[in-house]
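See structure below.
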Amino acid sequence: MTASGGGAFRTGAFGVTGSGDTSGFGGLVRVEPGGAVALHSTDRPYGGWFDEVADALADAVGQATYDAAVRRVLVDRGEITWFVHREHLLTLLQALRDDDALRFELCSSLSGVDYHDAGGPIGERLHVVYHLTSMTYRRRIRLEVAVTDADPHVPSATRVYPTTDWHERECFDMFGVVFDGHPALTRILMPDDWDGHPQRKDYPLGGVPVEYHDATIPPPDERRSYR
């Protein structure tokens with residue numbers, strides 16, 4: 001099976017073949033280095049209330065702005081994600097929060113992802129994911145923004161969702177995404193003078209050897225690759 005942009009998928013986490021996988025990761029599907037994350041878009045109708053949200057969002061910001069802002073929409077496993085351009089992020093978030101037909105009052109989480117060698121044809125390896133909740137309508141959706149490590153800038157969402165303050169600081173600390181307009185974008189877990197961003201896929205694992213029952217366990221960056 002070939003991924004968009006080249007490269008192939010692989011399954012599992014430990015390369016187990018021909019026998020049962022007791023790791024719990026047998027259903028995991030990953031992209032081979034050099035491949036790209038799936039870039040397809042789900043065709044409408046999306047199903048259920050997903051279409052209501054899509055129509056209401058387009059009405060709230062205007063169809064022209066919606067078309068310019070949304071790169072693609074993905075429905076998978078009963079969940080929906082809008083992949084959007086960073087330039088239009090705050091416009092969409094404001095509408096999602098304030099429009100009476102949408103009312104996504106809470107950004108419950110902001111998380112970072114590093115796809116490293118699977119960042120697509122233009123190398124957008126760093127993704128920021130916004131998990132939005134409508135307590136009025138009991139709905140959950142996601143917005144996702146992708147940037148390159150050479151230009152890792154995303155507008156801060158703190159003026160729309162104040163709860164993203166420390167979430168953005170952690171994403172900056174761990175992944176190196178710079179949130180423009182954040183009131184105090186400093187590291188939150190690592191020391192201020194720390195070099196690098198520990199949750200990037202190319203960050204060295206480091207570690208020290210460990211002796212256990214007359215066996216020496218090498219540090220993580222010297223162990224075999226779990227493929």
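Starting from 1 in every chain, residues are counted up; chains themselves are A, B, ... following the order of the structure tokens, and ligands are numbered from 1 as listed.
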Within 10 Å of Thr91 in chain A using only C-alpha atoms, minus same-chain residues under 2 positions, as a VMD selection string: chain A and resid 60 to 61 65 to 66 69 86 to 89 93 to 96 160
Would you write out those residues with all heavy atoms, as an mmCIF file, in the first residue's frame?
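Result file part_9.cif:
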```cif
data_model
loop_
_atom_site.group_PDB
_atom_site.id
_atom_site.type_symbol
_atom_site.label_atom_id
_atom_site.label_comp_id
_atom_site.auth_asym_id
_atom_site.auth_seq_id
_atom_site.Cartn_x
_atom_site.Cartn_y
_atom_site.Cartn_z
ATOM 1 N N ALA A 60 -21.174 31.424 8.512
ATOM 2 C CA ALA A 60 -20.678 32.383 9.495
ATOM 3 C C ALA A 60 -19.517 33.215 8.964
ATOM 4 O O ALA A 60 -19.428 34.420 9.248
ATOM 5 C CB ALA A 60 -20.256 31.643 10.769
ATOM 6 N N VAL A 61 -18.615 32.607 8.204
ATOM 7 C CA VAL A 61 -17.433 33.331 7.721
ATOM 8 C C VAL A 61 -17.573 33.762 6.265
ATOM 9 O O VAL A 61 -16.763 34.555 5.767
ATOM 10 C CB VAL A 61 -16.153 32.481 7.892
ATOM 11 C CG1 VAL A 61 -15.939 32.123 9.348
ATOM 12 C CG2 VAL A 61 -16.188 31.222 7.027
ATOM 13 N N THR A 65 -14.475 32.901 2.103
ATOM 14 C CA THR A 65 -13.471 32.744 3.154
ATOM 15 C C THR A 65 -13.322 31.284 3.556
ATOM 16 O O THR A 65 -12.207 30.791 3.768
ATOM 17 C CB THR A 65 -13.855 33.587 4.380
ATOM 18 O OG1 THR A 65 -13.897 34.963 4.009
ATOM 19 C CG2 THR A 65 -12.855 33.402 5.512
ATOM 20 N N TYR A 66 -14.441 30.578 3.649
ATOM 21 C CA TYR A 66 -14.394 29.149 3.991
ATOM 22 C C TYR A 66 -13.580 28.376 2.966
ATOM 23 O O TYR A 66 -12.708 27.567 3.317
ATOM 24 C CB TYR A 66 -15.812 28.599 4.073
ATOM 25 C CG TYR A 66 -15.895 27.128 4.424
ATOM 26 C CD1 TYR A 66 -15.931 26.714 5.760
ATOM 27 C CD2 TYR A 66 -15.927 26.155 3.427
ATOM 28 C CE1 TYR A 66 -16.001 25.367 6.088
ATOM 29 C CE2 TYR A 66 -16.006 24.808 3.744
ATOM 30 C CZ TYR A 66 -16.036 24.421 5.077
ATOM 31 O OH TYR A 66 -16.102 23.075 5.394
ATOM 32 N N ALA A 69 -9.946 29.145 3.371
ATOM 33 C CA ALA A 69 -9.357 28.739 4.647
ATOM 34 C C ALA A 69 -9.169 27.242 4.782
ATOM 35 O O ALA A 69 -8.189 26.771 5.376
ATOM 36 C CB ALA A 69 -10.230 29.242 5.802
ATOM 37 N N ARG A 86 -3.122 28.531 8.212
ATOM 38 C CA ARG A 86 -2.900 29.285 9.451
ATOM 39 C C ARG A 86 -3.375 30.733 9.346
ATOM 40 O O ARG A 86 -3.762 31.333 10.351
ATOM 41 C CB ARG A 86 -1.421 29.245 9.826
ATOM 42 C CG ARG A 86 -0.485 29.839 8.788
ATOM 43 C CD ARG A 86 0.971 29.667 9.166
ATOM 44 N NE ARG A 86 1.864 30.062 8.068
ATOM 45 C CZ ARG A 86 3.179 29.944 8.129
ATOM 46 N NH1 ARG A 86 3.765 29.450 9.202
ATOM 47 N NH2 ARG A 86 3.916 30.308 7.101
ATOM 48 N N GLU A 87 -3.344 31.300 8.142
ATOM 49 C CA GLU A 87 -3.746 32.695 7.971
ATOM 50 C C GLU A 87 -5.219 32.917 8.325
ATOM 51 O O GLU A 87 -5.614 34.033 8.664
ATOM 52 C CB GLU A 87 -3.495 33.148 6.526
ATOM 53 C CG GLU A 87 -2.037 33.173 6.112
ATOM 54 C CD GLU A 87 -1.493 31.821 5.687
ATOM 55 O OE1 GLU A 87 -2.279 30.847 5.667
ATOM 56 O OE2 GLU A 87 -0.288 31.733 5.371
ATOM 57 N N HIS A 88 -6.025 31.875 8.232
ATOM 58 C CA HIS A 88 -7.460 31.999 8.499
ATOM 59 C C HIS A 88 -7.872 31.339 9.811
ATOM 60 O O HIS A 88 -9.074 31.294 10.122
ATOM 61 C CB HIS A 88 -8.256 31.370 7.354
ATOM 62 C CG HIS A 88 -8.041 32.034 6.025
ATOM 63 N ND1 HIS A 88 -8.696 33.187 5.655
ATOM 64 C CD2 HIS A 88 -7.228 31.716 4.994
ATOM 65 C CE1 HIS A 88 -8.310 33.543 4.436
ATOM 66 N NE2 HIS A 88 -7.422 32.668 4.017
ATOM 67 N N LEU A 89 -6.903 30.858 10.563
ATOM 68 C CA LEU A 89 -7.216 30.094 11.777
ATOM 69 C C LEU A 89 -8.087 30.878 12.753
ATOM 70 O O LEU A 89 -9.120 30.387 13.226
ATOM 71 C CB LEU A 89 -5.921 29.651 12.460
ATOM 72 C CG LEU A 89 -6.090 28.987 13.829
ATOM 73 C CD1 LEU A 89 -6.826 27.654 13.699
ATOM 74 C CD2 LEU A 89 -4.728 28.794 14.501
ATOM 75 N N LEU A 93 -11.838 30.080 14.252
ATOM 76 C CA LEU A 93 -12.036 29.836 15.680
ATOM 77 C C LEU A 93 -13.049 30.809 16.273
ATOM 78 O O LEU A 93 -13.898 30.422 17.087
ATOM 79 C CB LEU A 93 -10.703 29.952 16.432
ATOM 80 C CG LEU A 93 -9.666 28.860 16.175
ATOM 81 C CD1 LEU A 93 -8.390 29.148 16.958
ATOM 82 C CD2 LEU A 93 -10.215 27.482 16.550
ATOM 83 N N GLN A 94 -12.966 32.083 15.870
ATOM 84 C CA GLN A 94 -13.911 33.076 16.387
ATOM 85 C C GLN A 94 -15.344 32.722 15.998
ATOM 86 O O GLN A 94 -16.268 32.795 16.823
ATOM 87 C CB GLN A 94 -13.556 34.456 15.839
ATOM 88 C CG GLN A 94 -14.316 35.608 16.491
ATOM 89 C CD GLN A 94 -13.650 36.092 17.761
ATOM 90 O OE1 GLN A 94 -12.450 36.313 17.780
ATOM 91 N NE2 GLN A 94 -14.428 36.255 18.817
ATOM 92 N N ALA A 95 -15.536 32.308 14.750
ATOM 93 C CA ALA A 95 -16.872 31.928 14.303
ATOM 94 C C ALA A 95 -17.360 30.672 15.002
ATOM 95 O O ALA A 95 -18.528 30.585 15.410
ATOM 96 C CB ALA A 95 -16.869 31.732 12.783
ATOM 97 N N LEU A 96 -16.492 29.711 15.162
ATOM 98 C CA LEU A 96 -16.876 28.466 15.833
ATOM 99 C C LEU A 96 -17.286 28.720 17.278
ATOM 100 O O LEU A 96 -18.193 28.076 17.796
ATOM 101 C CB LEU A 96 -15.722 27.467 15.776
ATOM 102 C CG LEU A 96 -15.487 26.809 14.411
ATOM 103 C CD1 LEU A 96 -14.117 26.150 14.355
ATOM 104 C CD2 LEU A 96 -16.584 25.779 14.113
ATOM 105 N N VAL A 160 -9.000 34.191 21.592
ATOM 106 C CA VAL A 160 -10.298 33.552 21.365
ATOM 107 C C VAL A 160 -10.574 32.517 22.448
ATOM 108 O O VAL A 160 -11.665 32.465 23.012
ATOM 109 C CB VAL A 160 -10.347 32.886 19.976
ATOM 110 C CG1 VAL A 160 -11.723 32.258 19.744
ATOM 111 C CG2 VAL A 160 -10.029 33.893 18.880
#
```
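For range 38-54 of chain A, the residues within 6 Å (counting only C-alpha atoms, excluding itself and residues fewer than 3 positions away along the chain) are Ser4, Leu57, Arg72, Val73 and Leu74 of chain A.
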Store the residues picked out above in a file with C-alpha atoms, as a CSV table (one decimal), in the first residue's frame.
```
chain,number,residue,atom,x,y,z
A,4,SER,CA,0.4,9.9,-1.0
A,57,LEU,CA,-19.3,27.6,9.5
A,72,ARG,CA,-9.5,19.6,3.3
A,73,VAL,CA,-11.9,17.9,5.6
A,74,LEU,CA,-11.4,14.4,7.0
```
Shell around Val128 in chain A at 6 Å using only C-alpha atoms, local window under 4 positions removed, as a list in words: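 The contact residues come out as Ser111, Gly112, Glu144 and Val145 of chain A.
Candidate residues A:Tyr130, A:Phe104, A:Tyr212, A:Phe83 were compared for distance to Cys171 in chain A, and the nearest is A:Tyr130, using only C-alpha atoms.
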Gap from CA of Lys201 in chain A to CA of Ile217 in chain A - Å, one decimal: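 Computing it gives 22.1 Å between the two atoms.
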